[in-house]
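Engineer: I have a structure I would like to understand better, so I am pasting it below and will then ask my questions one at a time.
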Amino acid sequence: MTAARAYWLRISTAAYRFAIRRVGGSELPSEDEAEIVQVFSDELDEAAARGPAHTLRVLALTLVDMVVVSVTGGFEPKVHRFSRGPGTRRRRRRGDAFMARFLDEIRYALRTLVRSPSYALTACLILTLAVGANATIFTLVEHLFLAPPEHVSEPDRLVRINRTTEMSSFGSLAYPDYQYYRDYNDVFDGLMAYDPGGITLSLGYGDRRRTDRGWFVSGNYFDVLGVRPAEGRFFRPDEDVVDAPVTVVVISHRLWRDLFERHSPIGETLQLNGQPFTVIGVAPEGFAGVSPIEGVPDLWIPITTQPLLSPLAGDMALKRIPDSTWVWLWSIGRLRADVAASEAQANMSALAANLEMEYPEWNEGWKVTVSSGAGLHPPQRSSLGSITRVLLMVALAVLLVACSNIAILLLARNSGRRRETGVRKALGANGWRIASLMLGESLVLGVVGAVGGFALAFGCTRLAYGLLPAVLNVPPTPGLPVLGFSVLLALGAALVFTLVPARQSALLPAGRLLGKARLFELRRLSHQSVLVGLQVFLSTLLVIGGALLVRSLISARSLDLGFETEGRIVMGVDLRNHGYESEATKLYVARAMDEIRVLPGVEHVAIASLIPFRGAWTSGFTLEGAPGLATNEQSSGFNAISPGYFDTLSVSLLRGRGPERSDERSAEQLVVVNEAFAQKFFDGEDPIGRLLLQGEEPPMRIVGLVSNATYYSLGEEPQTQVYVNLLQRPQSRLQFIVLPQSDQRATVERLVRQKLTQIDPDVAISTTTPLAEVVEQQLARYRTAAVLVGTFALLALVLACIGLYGALSYMVARTTREIGIRLALGARPGQVAARLLRSGVSVVGLATLSGVVAALGLTRYLSHLLFDVHPLDPPSFLLTPIVLLLVSLVASWVPMRRVMATEPTIAIRAD
Amino acid sequence: MKDTQTPAESQGGVTPLRPVVFAILLVLQEGPAHGYAVMKAVNESLGRRAVLGPGSLYRNLKEMRDLGWIEHQGTPEAEDQRRRIYRISASGREVARTEAERLRVLVARARELDLLGEEAATS
């Protein structure tokens, strides 16, 4: 059983036990109670294993069963004709009475809610919004941290193995290390390894060409996870060896559907990067590995075939498998049934110590950690955890604001029903009875809020998951656990907000309720002031958070990238494994440039090995003739670009010239550097004409200077960059950047793809991406954070405003008579109103102040979402209290007006 | 009314049995079973029209236990104390037989009246 399922089972069983006790009372022997609960738990367990629909059905039927039993006389047998003892009738009445009263209360609640629709609607809306916000965030939490991976059997027994030192934790393993741990441990049923980076493969089947993601996995990958194939089989041990006679591949269910439609793919041959691979199996539909964010490959290939497919040049590729310094694998083990994680840790530590003794040069100082829970890799868990924690806190704050808000509404409402409550009490209703009338009302609100919130979560989940730094394998949708969460939350909230008003009416004696309102309550805000204070406090926190995030988004957006994105589109090709040597690549580049440039509608075109934010190429060099620096190797970012690159991206050329076609014939490499490069290595002097030396490469002569741009991440410090000419230094992965004339995008895109296919039909072309979108992806985090928290803050602010308005109106209503007396005795309306306002403002002021103080301590938890804005940003902190005070003045306006317009003679006669 | 009845006396008073009670007796006639197994089997045999939940199941089991139609089987050591095993008693078997006999008479009469049609009549 998975942990999540066990958890829900436990909660449901506990709830059922509580209900059974309520129905059965003290007459039900505890061993009988245990038996009933056990039957329920068995049934639910089986239903849960069969899916959410069955679970819901069982829950619904059990509820019906419980109602039937309690209505028809509890657990004493109904037709127990032969031994009806004296106690039976009493018990039966008791069960009946409980049920009847419960139904009565619900009916009464529905009636009163229908009678005051504006209150009912407001309360439902507030609760729906708050529960929806929480359910949305909980969907993410559930998806990321709680939900068991699909198709993986007994995920509780899986653990992650990582190499750690004191300096760095959670490092990857080298293949020889993995082999050693796999072969010599005594604690795992199996230990598998995979390459989480994956590889982009060009796939050929018949005459079809496409690019797909592949993962290198150890032969026992699927066995350790306990996955069953949808078709065929998974790897055999003899297929996971270097130089296996037949190379095999397992494909995803999706690829099967796309590529083979209905017919069986088993035994078919796929060309992967030009190598033949035989399909032996299909992974089950929806299988997405163990982690919700590692991506879903379409192809699983044995690790040992890595040299055949590697994008790296020959020697490097071959080295990976036997190389102990090349750490690239993540490893997951399945614990033996009788072994605890701590024993596994001890065993693995011993093995790591052996490795350290035998091969100190590679393993000195390295330890191995066994971390339970195979889902998220520990560092991912912590980074995702910090973001979801922020979101949960924000959502909970909104819920609290909503609760206290509805409590204020209820208080105000109840004051209108004082007389009614007083009559009930005078007629003999006890405090519990009075409170339970209100509980019935909040129960109805709670159910509506739960259903509404759950529905809202469906719509909002996608918005929220854009906030995560990692891309989820499968977009999450709220499921059964989220529904359960919403119900618990809404009912819990309903209970909380009924507590204060219910306690108030329940405790006051009938005389107080029936008599005239007490005098001299004008300055007392008691319950309301606490509730309003809480709302304003939380709103202050949220508004400050929202302000910080919005300012961060604005500063991220207005950032000068150093290049233009508007209208530019990007598509990539990968010439590796298509037989392109460097001369052929040069020809390809030259031909593509020539033919695309003359296509109708094309304004500019360029080819580069890298585009901004996608990938990095750092290389070392030495400077000739630069005193002090000449002997030391320096390093800088590099990019290989075609002629026309700077024009296409509107990067300003400050001095000299850009790359040209004729450079190809030059013996030296003619390169362009950016300002940051000139500043760092030449102290801002003119770099034109200087030489860079790089190993065996021909010397690089600087012929141009361009302005700085953003290369790797938003807001980075200016990075040094060397642009080499693609025609002098050909690369096999190429990005085409095309600037079409304003309205020609679709046509140009089609023509360019046609042209590239014409040049080499075997080379797959990636999907077209607007360059603006690449930048937009960088902004996504900041944008969604600002939108989400900003919306929540606004919501909280509006709620707090309603709350303040409600509380003040309530107070004015309650003290109408006192106000009348004061006015009759000669007080000016302004004085009375000012008195009222003072009590309101002092609460708001105090709450805002504490909100600001609390925010000073809390905003640092937002720092990972802030761009170029300090967590203690003064404008956000100064403006928020002003906004809140203004808003609270507006909220007080209507109640003030009412006081000013009071007619003393009428007011004195008020209740 | 007396507080205790001998099985023979009670039989006359209780038939016709409620369908659920009869179904439980039939399930236990097949062999001893614990609560959840009984519930599952009864729900299957009664089809979708009648659904027995844990509460009503327990109430019926208790009634039948009080009447002496079914009894606890000593819970094996290894078994969970909360999963009590029930088995049918001699008097329970007698009650079930009486009910079946009663039904057989009625079914035979229904057949005579051609209510069940040819196919049912021959089966």
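To be explicit about the labels: the chains of the structure tokens are called A, B, and onward in the order shown, and within each one the residues are counted from 1, while ligands get numbers from 1 in the order they are shown.
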Excluding Val673 of chain A and its own-chain neighbours fewer than 6 positions away, which residues fall within 7 Å of it when counting only C-alpha atoms? Please give them as a PyMOL selection string.
Structural biologist: chain A and resi 702+704-706+721-723
Engineer: Kindly save the residues from that selection, with N, CA and C atoms included, as a PDB file, in the first residue's frame.
Structural biologist:
ATOM      1  N   ILE A 702      41.098  39.523 -32.961  1.00  0.00           N
ATOM      2  CA  ILE A 702      39.869  40.285 -32.713  1.00  0.00           C
ATOM      3  C   ILE A 702      39.693  41.330 -33.799  1.00  0.00           C
ATOM      4  N   GLY A 704      36.338  42.820 -34.178  1.00  0.00           N
ATOM      5  CA  GLY A 704      35.156  43.650 -33.904  1.00  0.00           C
ATOM      6  C   GLY A 704      34.826  43.680 -32.430  1.00  0.00           C
ATOM      7  N   LEU A 705      34.072  44.724 -32.047  1.00  0.00           N
ATOM      8  CA  LEU A 705      33.656  44.885 -30.652  1.00  0.00           C
ATOM      9  C   LEU A 705      32.153  45.165 -30.657  1.00  0.00           C
ATOM     10  N   VAL A 706      31.390  44.381 -29.897  1.00  0.00           N
ATOM     11  CA  VAL A 706      29.941  44.609 -29.839  1.00  0.00           C
ATOM     12  C   VAL A 706      29.527  44.903 -28.403  1.00  0.00           C
ATOM     13  N   GLN A 721      32.232  37.463 -23.730  1.00  0.00           N
ATOM     14  CA  GLN A 721      31.783  36.606 -24.816  1.00  0.00           C
ATOM     15  C   GLN A 721      32.719  36.767 -26.018  1.00  0.00           C
ATOM     16  N   VAL A 722      33.073  35.639 -26.612  1.00  0.00           N
ATOM     17  CA  VAL A 722      33.850  35.643 -27.853  1.00  0.00           C
ATOM     18  C   VAL A 722      32.969  35.030 -28.925  1.00  0.00           C
ATOM     19  N   TYR A 723      32.785  35.764 -30.047  1.00  0.00           N
ATOM     20  CA  TYR A 723      32.014  35.217 -31.158  1.00  0.00           C
ATOM     21  C   TYR A 723      32.985  34.760 -32.236  1.00  0.00           C
TER      22      TYR A 723
END
Engineer: Among the residues of segment 30-71 of chain B, find those DSSP assigns to strand (DSSP E or B) from the backbone and print them as JSON, numbers by chain.
Structural biologist: {"B": [33, 34, 70, 71]}
Engineer: Suppose we keep N, CA and C atoms; can you now write the selection as a PDB file, in the first residue's frame?
Structural biologist:
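Writing done, so here's again19.pdb:
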ATOM      1  N   ALA B  33     -16.681 -17.197   7.911  1.00  0.00           N
ATOM      2  CA  ALA B  33     -16.116 -16.015   7.243  1.00  0.00           C
ATOM      3  C   ALA B  33     -16.104 -14.850   8.215  1.00  0.00           C
ATOM      4  N   HIS B  34     -15.236 -13.864   7.974  1.00  0.00           N
ATOM      5  CA  HIS B  34     -15.245 -12.684   8.829  1.00  0.00           C
ATOM      6  C   HIS B  34     -16.173 -11.635   8.226  1.00  0.00           C
ATOM      7  N   ILE B  70     -26.005 -17.876  14.540  1.00  0.00           N
ATOM      8  CA  ILE B  70     -24.585 -17.898  14.148  1.00  0.00           C
ATOM      9  C   ILE B  70     -23.767 -17.744  15.410  1.00  0.00           C
ATOM     10  N   GLU B  71     -22.474 -18.097  15.316  1.00  0.00           N
ATOM     11  CA  GLU B  71     -21.647 -17.958  16.510  1.00  0.00           C
ATOM     12  C   GLU B  71     -20.223 -17.581  16.102  1.00  0.00           C
TER      13      GLU B  71
END
Engineer: So that I can see what lies close to segment 88-103 of chain B, please list as a list of chain:residue names the residues with an atom at most 7 Å from it, counting only C-alpha atoms and leaving out residues fewer than 2 positions away in the same chain.
Structural biologist: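 In the requested format, the answer is B:Pro7, B:Gln11, B:Thr15, B:Pro16, B:Leu17, B:Phe22, B:Leu25, B:Leu28, B:Gln29, B:Gly68, B:Trp69, B:Ile70, B:Glu71, B:Tyr86, B:Val105, B:Leu106, B:Val107.
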Engineer: Between atom CA of Pro881 of chain A and atom CA of Leu808 of chain A, what is the distance, to one decimal in Å?
Structural biologist: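 So the answer is 19.9 Å.
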Engineer: Write out as a ChimeraX atom specification the residues lying within 7 Å of segment 330-333 of chain A, counting only C-alpha atoms and excluding same-chain residues fewer than 4 positions away.
Structural biologist: /A:158-161,172-173,188,190-196,224,374
Engineer: Applying 10 Å and only C-alpha atoms, which residues near Pro687 of chain A remain after dropping the ones on its own chain fewer than 5 positions away? List them as a ChimeraX atom specification.
Structural biologist: /A:655-656,672-675,677-679,681-682,701-705
Engineer: For the residues selected in the previous step, produce a file with C-alpha atoms as a PDB file, in the first residue's frame.
Structural biologist:
ATOM      1  CA  ARG A 655      33.932  49.041 -33.526  1.00  0.00           C
ATOM      2  CA  GLY A 656      35.421  47.004 -36.340  1.00  0.00           C
ATOM      3  CA  VAL A 672      34.361  39.537 -32.320  1.00  0.00           C
ATOM      4  CA  VAL A 673      34.331  40.197 -28.567  1.00  0.00           C
ATOM      5  CA  ASN A 674      31.914  42.109 -26.367  1.00  0.00           C
ATOM      6  CA  GLU A 675      32.480  45.133 -24.135  1.00  0.00           C
ATOM      7  CA  PHE A 677      35.523  41.081 -22.605  1.00  0.00           C
ATOM      8  CA  ALA A 678      37.387  44.261 -23.568  1.00  0.00           C
ATOM      9  CA  GLN A 679      36.857  45.648 -20.088  1.00  0.00           C
ATOM     10  CA  PHE A 681      41.051  41.602 -20.398  1.00  0.00           C
ATOM     11  CA  PHE A 682      42.147  44.906 -21.923  1.00  0.00           C
ATOM     12  CA  ARG A 701      42.419  37.815 -34.096  1.00  0.00           C
ATOM     13  CA  ILE A 702      39.869  40.285 -32.713  1.00  0.00           C
ATOM     14  CA  VAL A 703      38.275  42.232 -35.551  1.00  0.00           C
ATOM     15  CA  GLY A 704      35.156  43.650 -33.904  1.00  0.00           C
ATOM     16  CA  LEU A 705      33.656  44.885 -30.652  1.00  0.00           C
TER      17      LEU A 705
END
Engineer: Check the smallest atom-to-atom distance from each of A:Asp42, A:Ala14, A:Thr859, A:Thr816 to chain B using only C-alpha atoms, then report the winner.
Structural biologist: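 Closest to chain B of all the choices is A:Asp42.
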Engineer: Pick out the residues sitting within 8 Å of segment 744-757 of chain A, and hand them over as a VMD selection string; count only C-alpha atoms, and ignore anything fewer than 4 positions along from it in its own chain.
Structural biologist: chain A and resid 567 592 595 to 596 599 to 602 740 761 to 763 765 768
Engineer: Quote the spacing between atom CA of Gly644 of chain A and atom CA of Leu561 of chain A in Å to one decimal place.
Structural biologist: 18.8 Å
Engineer: Using only C-alpha atoms, can you tell me which of A:Leu499, A:Ile36, A:Ala772, A:Leu44 comes closest to Ile611 of chain A?
Structural biologist: A:Ala772
Engineer: Return as a ChimeraX atom specification the full set of residues in segment 398-482 of chain A whose backbone-based DSSP assignment is alpha helix (DSSP H).
Structural biologist: /A:398-416,418-426,431-465,480-482
Engineer: Save out the residues we just selected, C-alpha atoms, as a PDB file, in the first residue's frame.
Structural biologist:
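Dumped to out_8.pdb:
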ATOM      1  CA  VAL A 398      -6.321  33.935   2.643  1.00  0.00           C
ATOM      2  CA  LEU A 399      -8.361  31.175   4.262  1.00  0.00           C
ATOM      3  CA  LEU A 400      -7.897  32.684   7.699  1.00  0.00           C
ATOM      4  CA  VAL A 401      -8.941  36.089   6.410  1.00  0.00           C
ATOM      5  CA  ALA A 402     -12.000  34.473   4.849  1.00  0.00           C
ATOM      6  CA  CYS A 403     -12.885  32.647   8.061  1.00  0.00           C
ATOM      7  CA  SER A 404     -12.663  35.710  10.251  1.00  0.00           C
ATOM      8  CA  ASN A 405     -14.611  37.587   7.627  1.00  0.00           C
ATOM      9  CA  ILE A 406     -17.489  35.162   7.650  1.00  0.00           C
ATOM     10  CA  ALA A 407     -17.335  35.150  11.444  1.00  0.00           C
ATOM     11  CA  ILE A 408     -17.885  38.923  11.372  1.00  0.00           C
ATOM     12  CA  LEU A 409     -20.772  38.482   8.960  1.00  0.00           C
ATOM     13  CA  LEU A 410     -22.271  35.887  11.270  1.00  0.00           C
ATOM     14  CA  LEU A 411     -21.807  38.081  14.336  1.00  0.00           C
ATOM     15  CA  ALA A 412     -23.563  40.940  12.606  1.00  0.00           C
ATOM     16  CA  ARG A 413     -26.319  38.611  11.501  1.00  0.00           C
ATOM     17  CA  ASN A 414     -26.779  37.133  14.921  1.00  0.00           C
ATOM     18  CA  SER A 415     -27.116  40.527  16.481  1.00  0.00           C
ATOM     19  CA  GLY A 416     -30.095  40.947  14.197  1.00  0.00           C
ATOM     20  CA  ARG A 418     -30.886  38.519  19.274  1.00  0.00           C
ATOM     21  CA  ARG A 419     -34.559  38.634  19.970  1.00  0.00           C
ATOM     22  CA  GLU A 420     -35.156  35.306  18.258  1.00  0.00           C
ATOM     23  CA  THR A 421     -32.340  33.696  20.177  1.00  0.00           C
ATOM     24  CA  GLY A 422     -33.593  35.201  23.393  1.00  0.00           C
ATOM     25  CA  VAL A 423     -37.065  33.752  22.827  1.00  0.00           C
ATOM     26  CA  ARG A 424     -35.564  30.335  22.109  1.00  0.00           C
ATOM     27  CA  LYS A 425     -33.576  30.506  25.315  1.00  0.00           C
ATOM     28  CA  ALA A 426     -36.522  31.695  27.353  1.00  0.00           C
ATOM     29  CA  GLY A 431     -26.630  26.834  24.833  1.00  0.00           C
ATOM     30  CA  TRP A 432     -25.662  23.769  22.822  1.00  0.00           C
ATOM     31  CA  ARG A 433     -29.008  23.770  21.055  1.00  0.00           C
ATOM     32  CA  ILE A 434     -28.622  27.423  20.072  1.00  0.00           C
ATOM     33  CA  ALA A 435     -25.043  26.860  18.902  1.00  0.00           C
ATOM     34  CA  SER A 436     -26.053  23.809  16.910  1.00  0.00           C
ATOM     35  CA  LEU A 437     -28.508  25.894  14.904  1.00  0.00           C
ATOM     36  CA  MET A 438     -25.591  28.003  13.788  1.00  0.00           C
ATOM     37  CA  LEU A 439     -23.463  24.934  13.218  1.00  0.00           C
ATOM     38  CA  GLY A 440     -26.084  23.624  10.822  1.00  0.00           C
ATOM     39  CA  GLU A 441     -25.807  26.826   8.853  1.00  0.00           C
ATOM     40  CA  SER A 442     -22.050  26.689   8.635  1.00  0.00           C
ATOM     41  CA  LEU A 443     -22.203  23.018   7.718  1.00  0.00           C
ATOM     42  CA  VAL A 444     -24.266  23.907   4.677  1.00  0.00           C
ATOM     43  CA  LEU A 445     -21.881  26.748   3.822  1.00  0.00           C
ATOM     44  CA  GLY A 446     -18.956  24.398   4.344  1.00  0.00           C
ATOM     45  CA  VAL A 447     -20.313  21.826   1.913  1.00  0.00           C
ATOM     46  CA  VAL A 448     -20.975  24.486  -0.723  1.00  0.00           C
ATOM     47  CA  GLY A 449     -17.525  25.957  -0.137  1.00  0.00           C
ATOM     48  CA  ALA A 450     -15.887  22.537  -0.446  1.00  0.00           C
ATOM     49  CA  VAL A 451     -17.603  21.706  -3.719  1.00  0.00           C
ATOM     50  CA  GLY A 452     -17.060  25.198  -5.127  1.00  0.00           C
ATOM     51  CA  GLY A 453     -13.449  25.297  -4.021  1.00  0.00           C
ATOM     52  CA  PHE A 454     -12.753  21.933  -5.556  1.00  0.00           C
ATOM     53  CA  ALA A 455     -14.286  23.067  -8.837  1.00  0.00           C
ATOM     54  CA  LEU A 456     -12.240  26.254  -8.707  1.00  0.00           C
ATOM     55  CA  ALA A 457      -9.075  24.251  -8.185  1.00  0.00           C
ATOM     56  CA  PHE A 458      -9.694  22.540 -11.529  1.00  0.00           C
ATOM     57  CA  GLY A 459      -9.479  25.884 -13.276  1.00  0.00           C
ATOM     58  CA  CYS A 460      -6.582  27.307 -11.337  1.00  0.00           C
ATOM     59  CA  THR A 461      -4.147  24.425 -11.112  1.00  0.00           C
ATOM     60  CA  ARG A 462      -2.551  25.078 -14.466  1.00  0.00           C
ATOM     61  CA  LEU A 463      -1.924  28.690 -13.581  1.00  0.00           C
ATOM     62  CA  ALA A 464      -0.244  27.703 -10.353  1.00  0.00           C
ATOM     63  CA  TYR A 465       2.006  25.063 -11.773  1.00  0.00           C
ATOM     64  CA  LEU A 480      -9.676  12.389  -4.693  1.00  0.00           C
ATOM     65  CA  PRO A 481      -7.131  13.497  -2.081  1.00  0.00           C
ATOM     66  CA  VAL A 482      -7.717  17.117  -3.098  1.00  0.00           C
TER      67      VAL A 482
END
Engineer: Of the candidates A:Val64, A:Val832, A:Leu329, A:Val883, which one gets nearest to chain B if we count only C-alpha atoms?
Structural biologist: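 Once distances to chain B are computed over only C-alpha atoms, the minimum belongs to A:Val64.
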